[in-house]
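Source file: model_19.cif. Holds: mmCIF, C-alpha atoms.
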```cif
data_run
loop_
_atom_site.label_atom_id
_atom_site.label_comp_id
_atom_site.auth_asym_id
_atom_site.auth_seq_id
_atom_site.Cartn_x
_atom_site.Cartn_y
_atom_site.Cartn_z
CA MET E 200 141.05 35.02 228.77
CA THR E 201 139.43 31.65 229.37
CA ASP E 202 138.00 30.40 232.65
CA THR E 203 136.09 27.30 233.70
CA LEU E 204 132.31 27.45 233.88
CA ASP E 205 131.36 27.21 237.53
CA ALA E 206 127.60 27.09 237.32
CA PRO E 207 125.08 26.70 234.52
CA VAL E 208 123.24 29.76 233.31
CA SER E 209 119.73 29.44 231.91
CA THR E 210 119.73 29.92 228.15
CA ASP E 211 116.60 32.02 228.59
CA LEU E 212 118.70 34.62 230.41
CA LEU E 213 121.42 34.92 227.75
CA PRO E 214 119.80 37.60 225.54
CA ASP E 215 119.46 39.91 228.56
CA LEU E 216 122.95 38.93 229.71
CA LEU E 217 124.46 39.90 226.35
CA ASN E 218 122.62 43.21 226.33
CA ASP E 219 123.84 43.88 229.87
CA ILE E 220 127.45 43.21 228.87
CA VAL E 221 127.18 45.50 225.85
CA GLN E 222 125.77 48.29 228.00
CA ALA E 223 128.46 47.71 230.63
CA ALA E 224 131.14 48.06 227.95
CA LEU E 225 129.67 51.38 226.83
CA ARG E 226 129.61 52.63 230.42
CA ALA E 227 133.26 51.56 230.79
CA GLY E 228 134.32 53.80 227.92
CA ALA E 229 133.77 51.81 224.73
CA ASP E 230 132.28 53.72 221.81
CA ALA E 231 130.66 50.53 220.50
CA ALA E 232 130.46 46.89 221.57
CA GLU E 233 129.13 43.52 220.54
CA ALA E 234 128.65 40.34 222.55
CA VAL E 235 128.29 36.78 221.26
CA SER E 236 127.46 33.56 223.05
CA ALA E 237 127.77 29.95 222.00
CA ASP E 238 125.86 27.28 223.88
CA ARG E 239 126.85 23.73 222.88
CA ARG E 240 126.03 20.19 223.95
CA SER E 241 127.55 17.15 222.31
CA LEU E 242 128.18 13.46 222.79
CA SER E 243 130.51 11.28 220.72
CA VAL E 244 131.41 7.61 220.96
CA GLY E 245 134.14 5.57 219.29
CA VAL E 246 134.48 1.80 219.00
CA ARG E 247 137.18 -0.50 217.67
CA ASN E 248 136.69 -4.19 217.02
CA GLY E 249 133.27 -4.03 218.59
CA LYS E 250 134.56 -2.65 221.88
CA LEU E 251 134.00 0.79 223.31
CA GLU E 252 137.12 2.91 222.83
CA ASP E 253 136.15 6.41 223.92
CA VAL E 254 133.23 8.55 225.03
CA GLU E 255 133.35 12.34 224.99
CA ARG E 256 130.65 14.62 226.33
CA GLU E 257 130.70 18.40 226.14
CA GLU E 258 128.41 20.96 227.72
CA SER E 259 129.78 24.45 227.26
CA ARG E 260 128.48 27.98 227.39
CA ASP E 261 130.97 30.55 226.17
CA LEU E 262 130.93 34.30 225.76
CA GLY E 263 132.85 36.71 223.54
CA LEU E 264 133.04 40.50 223.70
CA ARG E 265 134.45 42.88 221.08
CA VAL E 266 134.71 46.58 221.83
CA PHE E 267 135.73 49.68 219.88
CA VAL E 268 137.38 52.81 221.21
CA GLY E 269 137.50 55.08 218.22
CA GLN E 270 139.17 53.03 215.48
CA ARG E 271 140.85 50.75 218.00
CA GLN E 272 139.36 47.35 218.78
CA ALA E 273 139.94 44.41 221.11
CA SER E 274 138.17 41.18 221.90
CA VAL E 275 138.11 38.77 224.84
CA SER E 276 136.28 35.55 225.65
CA ALA E 277 135.37 33.49 228.70
CA SER E 278 133.54 30.33 229.68
CA ASP E 279 132.68 31.53 233.20
CA LEU E 280 129.59 33.74 233.02
CA SER E 281 129.57 34.79 236.68
CA PRO E 282 129.05 38.52 237.43
CA GLU E 283 132.64 38.86 238.64
CA THR E 284 134.06 37.38 235.44
CA ARG E 285 131.79 39.52 233.29
CA THR E 286 133.03 42.63 235.06
CA ARG E 287 136.66 41.64 234.50
CA LEU E 288 135.85 40.78 230.89
CA VAL E 289 134.50 44.26 230.18
CA GLU E 290 137.34 46.02 231.98
CA ARG E 291 139.99 44.02 230.17
CA ALA E 292 138.43 44.46 226.74
CA VAL E 293 138.18 48.25 227.05
CA ALA E 294 141.71 48.53 228.46
CA MET E 295 143.09 46.43 225.59
CA ALA E 296 141.24 48.48 222.99
CA ARG E 297 142.73 51.72 224.30
CA LEU E 298 146.21 50.26 223.76
CA ALA E 299 145.52 48.68 220.37
CA PRO E 300 146.75 50.25 217.12
CA GLU E 301 144.21 52.15 215.08
CA ASP E 302 142.53 50.25 212.27
CA PRO E 303 140.92 52.57 209.70
CA HIS E 304 138.70 49.76 208.45
CA ALA E 305 137.41 48.56 211.83
CA GLY E 306 133.80 49.03 212.82
CA PHE E 307 130.33 47.56 212.82
CA ALA E 308 128.17 46.86 209.82
CA PRO E 309 126.20 49.83 208.47
CA GLU E 310 122.72 49.76 209.95
CA ASP E 311 121.09 49.59 206.52
CA ARG E 312 122.94 46.29 205.88
CA LEU E 313 121.76 44.56 209.05
CA ALA E 314 119.42 41.58 208.89
CA ARG E 315 116.04 42.23 210.42
CA GLY E 316 113.78 39.65 212.03
CA PRO E 317 111.71 37.69 212.16
CA PHE E 318 114.28 35.38 210.59
CA VAL E 319 113.30 32.61 208.22
CA ASP E 320 113.13 29.10 209.76
CA LEU E 321 115.81 27.05 208.00
CA ASP E 322 114.92 23.80 209.81
CA LEU E 323 118.42 23.47 211.27
CA PHE E 324 117.45 21.99 214.62
CA ASP E 325 116.33 18.46 215.42
CA PRO E 326 115.59 17.95 219.14
CA SER E 327 116.42 14.23 218.94
CA GLU E 328 119.20 13.08 221.23
CA ARG E 329 121.10 9.80 221.00
CA THR E 330 122.30 8.09 224.16
CA ALA E 331 125.85 6.83 224.53
CA LEU E 332 124.51 3.28 224.26
CA ILE E 333 122.78 3.97 220.94
CA LEU E 334 125.86 5.75 219.56
CA GLU E 335 127.99 2.77 220.58
CA GLN E 336 125.55 0.37 218.91
CA VAL E 337 125.40 2.19 215.56
CA SER E 338 129.18 2.64 215.53
CA ALA E 339 129.63 -1.08 216.08
CA GLU E 340 127.04 -1.89 213.40
CA ALA E 341 128.85 0.27 210.87
CA GLU E 342 132.17 -1.34 211.77
CA THR E 343 130.68 -4.84 211.51
CA ALA E 344 129.24 -4.08 208.08
CA ALA E 345 132.62 -2.82 206.89
CA LEU E 346 134.50 -5.82 208.26
CA ALA E 347 132.04 -8.14 206.53
CA VAL E 348 133.22 -6.95 203.10
CA GLU E 349 135.52 -9.61 201.66
CA GLY E 350 139.11 -8.39 201.64
CA VAL E 351 138.83 -6.08 204.64
CA ALA E 352 141.55 -7.05 207.12
CA ARG E 353 140.95 -4.85 210.15
CA SER E 354 139.18 -1.85 211.50
CA GLU E 355 140.43 1.62 212.27
CA GLY E 356 137.29 2.23 214.30
CA GLY E 357 133.74 3.44 214.03
CA HIS E 358 132.45 6.69 215.47
CA ALA E 359 129.09 8.37 216.00
CA SER E 360 128.01 11.63 217.56
CA TRP E 361 125.24 14.16 218.02
CA SER E 362 125.40 17.81 219.00
CA SER E 363 123.21 20.84 219.44
CA SER E 364 124.26 24.47 219.54
CA GLN E 365 122.84 27.95 219.83
CA TRP E 366 124.56 31.13 218.61
CA ARG E 367 123.57 34.63 219.70
CA LEU E 368 124.82 38.05 218.65
CA VAL E 369 123.95 41.42 220.20
CA THR E 370 125.48 44.76 219.16
CA SER E 371 125.27 48.28 220.54
CA HIS E 372 123.94 49.63 217.25
CA GLY E 373 120.73 47.69 217.33
CA PHE E 374 121.26 44.16 216.06
CA GLU E 375 120.05 41.15 218.01
CA GLY E 376 119.70 37.68 216.56
CA ASP E 377 120.10 34.02 217.38
CA TYR E 378 119.60 30.61 215.82
CA ARG E 379 120.21 27.04 216.83
CA GLY E 380 121.27 23.91 215.02
CA SER E 381 121.92 20.24 215.49
CA ALA E 382 124.23 17.69 213.87
CA PHE E 383 124.31 13.90 213.72
CA SER E 384 127.26 11.95 212.34
CA LEU E 385 128.34 8.38 211.72
CA GLY E 386 131.51 7.04 210.15
CA VAL E 387 133.94 4.14 209.99
CA GLY E 388 137.42 3.48 208.63
CA VAL E 389 138.96 0.12 207.71
CA ILE E 390 142.07 -1.37 206.12
CA ALA E 391 141.94 -3.89 203.29
CA GLU E 392 144.85 -6.17 202.42
CA LYS E 393 145.93 -7.95 199.25
CA ASP E 394 149.26 -9.67 198.56
CA GLY E 395 150.77 -8.04 201.63
CA ALA E 396 149.83 -4.50 200.58
CA MET E 397 147.29 -2.55 202.60
CA GLU E 398 144.91 0.26 201.65
CA ARG E 399 142.65 2.42 203.75
CA GLY E 400 139.02 3.21 203.03
CA GLY E 401 136.28 4.98 204.92
CA GLU E 402 132.94 6.70 204.84
CA SER E 403 131.35 9.26 207.13
CA ARG E 404 128.27 11.43 206.93
CA SER E 405 126.88 14.36 208.89
CA THR E 406 123.36 15.76 208.75
CA ARG E 407 121.26 18.34 210.58
CA HIS E 408 118.40 15.88 211.20
CA LEU E 409 118.74 12.33 212.40
CA VAL E 410 116.26 11.02 209.84
CA ASP E 411 118.55 12.19 207.01
CA LEU E 412 121.58 10.24 208.27
CA PRO E 413 122.28 7.08 206.20
CA GLY E 414 122.06 3.80 208.07
CA ALA E 415 125.01 2.03 209.66
CA GLU E 416 124.86 -0.84 207.14
CA ILE E 417 125.18 1.53 204.17
CA ILE E 418 128.01 3.54 205.70
CA GLY E 419 129.93 0.46 206.78
CA ARG E 420 129.56 -1.39 203.49
CA THR E 421 130.61 1.69 201.53
CA ALA E 422 133.75 2.07 203.66
CA GLY E 423 134.70 -1.58 203.20
CA GLU E 424 134.10 -1.56 199.45
CA ARG E 425 136.22 1.57 199.02
CA ALA E 426 139.13 0.02 200.86
CA VAL E 427 138.96 -3.24 198.91
CA ALA E 428 138.68 -1.45 195.56
CA ARG E 429 141.99 0.30 196.21
CA THR E 430 144.00 -2.88 196.87
CA GLY E 431 146.49 -4.02 194.27
CA ALA E 432 147.33 -0.44 193.34
CA ARG E 433 150.03 0.14 190.74
CA LYS E 434 152.35 2.97 189.94
CA ILE E 435 152.01 4.62 186.55
CA ALA E 436 154.52 6.38 184.33
CA SER E 437 154.52 10.16 184.10
CA THR E 438 152.24 11.33 181.33
CA THR E 439 149.68 13.90 180.25
CA ALA E 440 146.10 12.64 180.17
CA PRO E 441 142.52 13.52 181.10
CA VAL E 442 141.94 13.60 184.86
CA ILE E 443 138.54 13.21 186.53
CA PHE E 444 138.01 14.15 190.17
CA ASP E 445 135.07 12.24 191.64
CA ASN E 446 132.33 14.16 193.41
CA ARG E 447 133.86 13.62 196.86
CA MET E 448 137.21 15.10 195.78
CA ALA E 449 136.20 17.67 193.17
CA GLY E 450 135.56 20.42 195.70
CA GLN E 451 139.25 20.43 196.59
CA ILE E 452 140.27 21.66 193.16
CA VAL E 453 137.51 24.30 193.15
CA SER E 454 138.13 25.58 196.69
CA PRO E 455 141.24 27.61 195.76
CA ALA E 456 138.96 29.81 193.64
CA ILE E 457 136.88 30.53 196.76
CA GLY E 458 139.93 31.58 198.71
CA ALA E 459 141.05 33.68 195.75
CA ILE E 460 137.87 35.79 195.82
CA SER E 461 137.87 36.46 199.56
CA GLY E 462 138.00 40.14 200.39
CA PRO E 463 141.14 40.00 202.56
CA SER E 464 143.08 38.26 199.75
CA ILE E 465 141.91 40.83 197.21
CA ALA E 466 142.75 43.73 199.55
CA ARG E 467 146.26 42.32 200.10
CA GLY E 468 146.71 41.71 196.39
CA THR E 469 147.65 38.07 197.01
CA SER E 470 145.07 36.40 194.77
CA PHE E 471 145.45 34.88 191.32
CA LEU E 472 141.95 36.22 190.57
CA LYS E 473 142.48 39.77 191.85
CA ASP E 474 142.14 41.32 188.36
CA ARG E 475 139.40 39.02 187.04
CA MET E 476 136.15 40.61 188.28
CA GLY E 477 133.54 40.42 185.54
CA GLN E 478 135.72 38.09 183.47
CA ARG E 479 135.41 34.43 182.59
CA VAL E 480 137.22 32.24 185.10
CA PHE E 481 135.49 28.88 184.60
CA ALA E 482 134.30 27.23 181.42
CA GLU E 483 130.97 28.26 179.91
CA GLY E 484 127.98 26.89 181.80
CA VAL E 485 129.78 26.67 185.14
CA THR E 486 127.70 28.32 187.89
CA LEU E 487 128.80 28.21 191.52
CA ILE E 488 126.06 29.08 194.02
CA ASP E 489 126.40 30.20 197.63
CA ASP E 490 123.07 29.61 199.36
CA PRO E 491 122.64 30.46 203.07
CA PHE E 492 118.94 29.54 202.98
CA ARG E 493 119.05 25.85 202.07
CA PRO E 494 116.76 24.03 204.52
CA ARG E 495 118.75 21.72 206.78
CA GLY E 496 121.99 22.86 205.15
CA LEU E 497 125.18 22.43 207.16
CA GLY E 498 126.22 25.97 206.18
CA SER E 499 122.81 27.64 206.45
CA THR E 500 122.35 30.80 208.48
CA PRO E 501 119.79 33.63 208.71
CA PHE E 502 122.54 36.29 209.07
CA ASP E 503 126.31 36.46 208.97
CA ASP E 504 128.56 36.83 212.00
CA GLU E 505 128.39 40.64 211.90
CA GLY E 506 124.59 40.60 211.74
CA VAL E 507 124.58 41.47 208.03
CA ALA E 508 121.73 40.20 205.86
CA VAL E 509 122.70 37.21 203.71
CA GLU E 510 121.44 36.24 200.28
CA ARG E 511 121.69 33.50 197.69
CA ARG E 512 124.40 34.46 195.21
CA ALA E 513 125.99 33.07 192.07
CA LEU E 514 129.67 33.64 192.82
CA PHE E 515 130.48 32.54 189.28
CA ASP E 516 127.68 32.77 186.74
CA ASP E 517 128.15 30.95 183.44
CA GLY E 518 131.85 30.90 184.29
CA VAL E 519 132.07 34.66 184.97
CA LEU E 520 133.26 36.02 188.34
CA THR E 521 130.48 38.19 189.78
CA THR E 522 131.47 39.11 193.35
CA TRP E 523 134.10 39.12 196.06
CA LEU E 524 133.38 37.54 199.45
CA LEU E 525 133.36 40.48 201.85
CA ASN E 526 133.03 41.14 205.53
CA CYS E 527 132.71 44.75 206.69
CA ALA E 528 136.44 45.38 207.18
CA SER E 529 137.51 44.09 203.75
CA ALA E 530 134.55 45.87 202.14
CA ARG E 531 135.67 49.21 203.61
CA GLN E 532 139.22 48.55 202.49
CA LEU E 533 138.00 47.99 198.93
CA GLY E 534 135.42 50.78 198.97
CA LEU E 535 132.54 48.29 198.67
CA GLN E 536 129.66 46.88 200.74
CA SER E 537 129.72 43.69 202.81
CA THR E 538 128.31 40.68 200.96
CA GLY E 539 127.23 38.98 204.20
CA HIS E 540 130.20 36.61 204.42
CA ALA E 541 131.63 37.54 207.83
CA SER E 542 132.68 34.52 209.86
CA ARG E 543 133.98 34.60 213.41
CA GLY E 544 134.53 32.71 216.60
CA LEU E 545 134.12 34.04 220.12
CA ALA E 546 137.38 36.01 220.08
CA GLY E 547 139.10 38.06 217.44
CA PRO E 548 137.72 40.13 214.58
CA PRO E 549 135.60 38.44 211.90
CA GLY E 550 137.17 36.75 208.93
CA VAL E 551 135.44 35.64 205.73
CA GLY E 552 133.55 32.41 205.10
CA THR E 553 130.96 30.97 202.74
CA HIS E 554 127.62 29.32 203.49
CA ASN E 555 126.31 26.35 201.43
CA LEU E 556 128.30 26.16 198.20
CA HIS E 557 127.42 24.02 195.23
CA MET E 558 128.27 23.87 191.55
CA GLU E 559 125.37 23.30 189.19
CA PRO E 560 125.70 19.84 187.56
CA GLY E 561 126.25 18.97 183.93
CA ASP E 562 124.43 16.36 181.86
CA ARG E 563 126.84 13.38 181.94
CA ASP E 564 127.30 10.97 184.81
CA LEU E 565 130.71 9.69 185.90
CA ALA E 566 130.55 6.81 183.43
CA GLY E 567 129.75 9.28 180.68
CA LEU E 568 132.76 11.44 181.55
CA MET E 569 135.05 8.41 181.47
CA ALA E 570 133.56 7.27 178.18
CA ASP E 571 134.20 10.66 176.63
CA ALA E 572 137.76 10.80 177.98
CA GLY E 573 138.58 7.25 176.85
CA THR E 574 141.79 6.82 178.84
CA GLY E 575 142.90 8.73 181.92
CA LEU E 576 143.01 9.01 185.70
CA LEU E 577 140.04 8.98 188.09
CA VAL E 578 141.00 10.65 191.38
CA THR E 579 139.25 9.35 194.50
CA SER E 580 141.70 10.47 197.18
CA MET E 581 143.88 13.55 197.58
CA PHE E 582 146.52 14.68 200.04
CA GLY E 583 149.04 17.47 200.45
CA PRO E 584 147.70 19.98 197.91
CA SER E 585 150.04 22.89 197.22
CA LEU E 586 148.97 26.28 195.86
CA ASN E 587 150.77 29.45 194.86
CA GLY E 588 148.08 31.97 195.74
CA ASN E 589 149.54 34.65 193.48
CA THR E 590 149.81 32.58 190.29
CA GLY E 591 147.35 29.71 190.76
CA ASP E 592 150.04 27.06 190.24
CA TRP E 593 148.62 23.95 191.93
CA SER E 594 149.67 20.37 192.61
CA ALA E 595 148.49 17.52 194.82
CA GLY E 596 149.29 13.95 195.66
CA VAL E 597 146.44 11.68 194.59
CA SER E 598 145.36 8.08 194.26
CA GLY E 599 142.48 6.49 192.42
CA PHE E 600 141.99 4.43 189.28
CA TRP E 601 143.42 4.31 185.79
CA PHE E 602 140.70 3.82 183.21
CA GLU E 603 140.94 2.69 179.60
CA ASN E 604 138.26 2.66 176.91
CA GLY E 605 135.99 4.37 179.42
CA GLU E 606 136.23 1.52 181.95
CA ILE E 607 138.13 1.16 185.23
CA ALA E 608 141.33 -0.79 184.53
CA TYR E 609 143.22 -0.87 187.87
CA PRO E 610 143.84 1.18 191.03
CA VAL E 611 146.85 3.52 191.18
CA ASN E 612 148.71 5.36 193.93
CA GLU E 613 151.75 7.56 194.51
CA VAL E 614 150.69 9.95 191.76
CA THR E 615 150.97 13.73 191.57
CA VAL E 616 148.80 15.93 189.36
CA ALA E 617 149.65 19.55 188.63
CA GLY E 618 148.64 22.53 186.56
CA LYS E 619 147.78 26.21 186.49
CA LEU E 620 144.29 26.61 187.91
CA PRO E 621 143.33 29.59 185.71
CA GLU E 622 143.97 27.38 182.67
CA LEU E 623 142.41 24.23 184.12
CA TYR E 624 139.23 26.04 185.18
CA LEU E 625 138.59 27.16 181.61
CA ARG E 626 138.69 23.51 180.47
CA LEU E 627 136.48 22.14 183.24
CA GLN E 628 133.70 19.71 182.29
CA ARG E 629 130.98 18.94 184.83
CA GLY E 630 129.40 15.63 185.70
CA SER E 631 125.75 15.18 186.59
CA ASP E 632 126.39 13.42 189.92
CA LEU E 633 125.95 16.35 192.31
CA GLU E 634 125.17 15.17 195.85
CA PHE E 635 124.38 17.45 198.78
CA ARG E 636 126.56 15.85 201.44
CA GLY E 637 128.03 18.85 203.25
CA GLY E 638 128.60 22.57 203.05
CA PHE E 639 130.51 22.41 199.73
CA ASN E 640 129.12 20.15 197.02
CA VAL E 641 130.50 19.68 193.52
CA PRO E 642 129.79 17.05 190.86
CA SER E 643 132.59 15.01 189.33
CA LEU E 644 134.85 17.25 187.25
CA MET E 645 136.95 16.37 184.21
CA PHE E 646 139.98 18.24 182.87
CA ASP E 647 141.72 17.27 179.64
CA ALA E 648 145.50 17.12 179.23
CA VAL E 649 146.63 17.36 182.88
CA ALA E 650 150.27 16.77 183.84
CA ILE E 651 150.57 13.49 185.79
CA ALA E 652 153.78 12.60 187.62
CA GLY E 653 154.22 8.93 188.41
CA LYS E 654 157.18 6.60 188.71
#
```

Here is the file; what I need is its structure written in the form of structure tokens.
Amino acid sequence: MTDTLDAPVSTDLLPDLLNDIVQAALRAGADAAEAVSADRRSLSVGVRNGKLEDVEREESRDLGLRVFVGQRQASVSASDLSPETRTRLVERAVAMARLAPEDPHAGFAPEDRLARGPFVDLDLFDPSERTALILEQVSAEAETAALAVEGVARSEGGHASWSSSQWRLVTSHGFEGDYRGSAFSLGVGVIAEKDGAMERGGESRSTRHLVDLPGAEIIGRTAGERAVARTGARKIASTTAPVIFDNRMAGQIVSPAIGAISGPSIARGTSFLKDRMGQRVFAEGVTLIDDPFRPRGLGSTPFDDEGVAVERRALFDDGVLTTWLLNCASARQLGLQSTGHASRGLAGPPGVGTHNLHMEPGDRDLAGLMADAGTGLLVTSMFGPSLNGNTGDWSAGVSGFWFENGEIAYPVNEVTVAGKLPELYLRLQRGSDLEFRGGFNVPSLMFDAVAIAGK
């Protein structure tokens, strides 16, 4: 159920409002209830060829309610917080729960697993706001810097935005918590042309604090240089050779391992890592950290979306799998405890999600990896990855650069790389070029003897 917000509600009133809704649900017959609210403000601007193309502003205040009647659950959401809508929301949720099938694993987090305040300040909120005029100006500056790169033919547009949000969670078994965050972004995309062939390139960045956002000149020039570097791409013959994924792409070959250790996948038995707990999955020295407490991190949080306490964990330690990613439902199904990885929206039961992920770097930079490999493929763009979740068979379309004698030789496109991830992971070699750009950060990664399909 979704309605239009008729009148603003003071954010100062929302904690009491959520408690009132939870109590109303209990009075209506629910055995347990939780209410969440999301308060968001955002402004985004796009330009193309120096002219304003679009402006989008959002001011929303939304509410979600999940109720339990025995082992039956239901959830509803609304964007109208009027008393009449709240009454209908409670009535509908309880009625739906009574008709829902029983779920033996449904329920709240155990009270001894709940996070308790006061919560640590993770420095996620910057009160700065950018006007539409300023967003238009920085978008145009980034676009101008990209177009100034020799070889760039035209723009696909520049874009900039800022947003602020506040998330609150209240449950009938004693949890109450909230936190707020902000985000600032700037990006641009362009097309370069050479001998009638065109290639795209772009750059975009998002940060919690405005001061951490790179300048328009840097972002624009980087986008233009990437596009130009890809012009004149060749096709290569099918072969087997070392493949290096640069640090912007490397996370995409690691991310299937994250999905493979999620509790729901393990409980369903649909994971290529389902029998690998406590065993080596990655090469020696590979440690993958999930850190919810990184200051200003895009994935930072003081508690998960069921109110469970979170902690910094090594998901893989020296290559060895140490934990599943569990919310309360998947933990009960597996006879374990939640790991604090519940993730949810306003409606529906929680799923599973990570916080700030990063792989510890190695001791060789990208040039060092290429020098060690000698000849091979450097992947800088990827599309259409395909994964068999049961076996780990993986393939993806890629483009990038062929290198010889450790040096870039020429750009390549229309290439497919493929392999069995459990085998590739054991041969992984890490670069030293880890950069904290987003919620999932990985250094450049090299794999020897990868199947490459070309012309």

Between E:Arg353, E:Ala382, E:Ala224, E:Ile435, which has the minimum distance to Arg399 in chain E (counting only C-alpha atoms)?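 Smallest separation from Arg399 in chain E among the options: E:Arg353.
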
So that I can see what lies close to range 441-446 of chain E, please list as a compact mmCIF listing (two decimals) with C-alpha atoms, in the coordinates of the input the residues with an atom at most 7 Å from it, counting all atoms listed in the file and leaving out residues fewer than 6 positions away in the same chain.
```
# COMPACT_ATOMS: atom_id res chain seq x y z
CA ALA E 572 137.76 10.80 177.98
CA GLY E 575 142.90 8.73 181.92
CA LEU E 576 143.01 9.01 185.70
CA LEU E 577 140.04 8.98 188.09
CA VAL E 578 141.00 10.65 191.38
CA THR E 579 139.25 9.35 194.50
CA ASP E 632 126.39 13.42 189.92
CA LEU E 633 125.95 16.35 192.31
CA VAL E 641 130.50 19.68 193.52
CA PRO E 642 129.79 17.05 190.86
CA SER E 643 132.59 15.01 189.33
CA LEU E 644 134.85 17.25 187.25
CA MET E 645 136.95 16.37 184.21
CA PHE E 646 139.98 18.24 182.87
CA ASP E 647 141.72 17.27 179.64
CA ALA E 648 145.50 17.12 179.23
CA VAL E 649 146.63 17.36 182.88
```

One decimal, Å: what's the distance from CA of Arg291 in chain E over to CA of Thr370 in chain E, could you say? 18.2 Å

What's around Pro309 in chain E at 10 Å? Count all atoms listed in the file, leave out sequence neighbours fewer than 5 positions away in its own chain, and write the answer as a list in words. His372, Gly506, Val507, Cys527, Gln536 and Ser537 of chain E

Would you kindly return, as a PyMOL selection string, each protein, DNA or RNA residue with an atom no farther than 6 Å from any atom of range 358-361 of chain E, considering only C-alpha atoms and excluding same-chain residues fewer than 3 positions away? chain E and resi 241-245+334+338+382-386

Using 4 Å of padding on each side, determine the axis-aligned box around all atoms of range 483-488 of chain E present in the file and give its centre and edge lengths in Å to one decimal, as JSON.
```
{"center_x": 128.5, "center_y": 27.9, "center_z": 187.0, "size_x": 12.9, "size_y": 10.4, "size_z": 22.1}
```

The PyMOL selection byres ((chain E and resi 503) around 7) on the file shown: which residues, as a PDB file with C-alpha atoms, keeping the file's coordinate frame?
```
ATOM      1  CA  THR E 500     122.350  30.800 208.480  1.00  0.00           C
ATOM      2  CA  PHE E 502     122.540  36.290 209.070  1.00  0.00           C
ATOM      3  CA  ASP E 504     128.560  36.830 212.000  1.00  0.00           C
ATOM      4  CA  GLU E 505     128.390  40.640 211.900  1.00  0.00           C
ATOM      5  CA  GLY E 506     124.590  40.600 211.740  1.00  0.00           C
ATOM      6  CA  VAL E 507     124.580  41.470 208.030  1.00  0.00           C
ATOM      7  CA  ALA E 508     121.730  40.200 205.860  1.00  0.00           C
ATOM      8  CA  VAL E 509     122.700  37.210 203.710  1.00  0.00           C
ATOM      9  CA  GLY E 539     127.230  38.980 204.200  1.00  0.00           C
ATOM     10  CA  HIS E 540     130.200  36.610 204.420  1.00  0.00           C
ATOM     11  CA  ALA E 541     131.630  37.540 207.830  1.00  0.00           C
ATOM     12  CA  SER E 542     132.680  34.520 209.860  1.00  0.00           C
TER      13      SER E 542
END
```

Using Å and a single decimal, report how far CA of Ser499 in chain E sits from CA of Thr421 in chain E. 27.5 Å
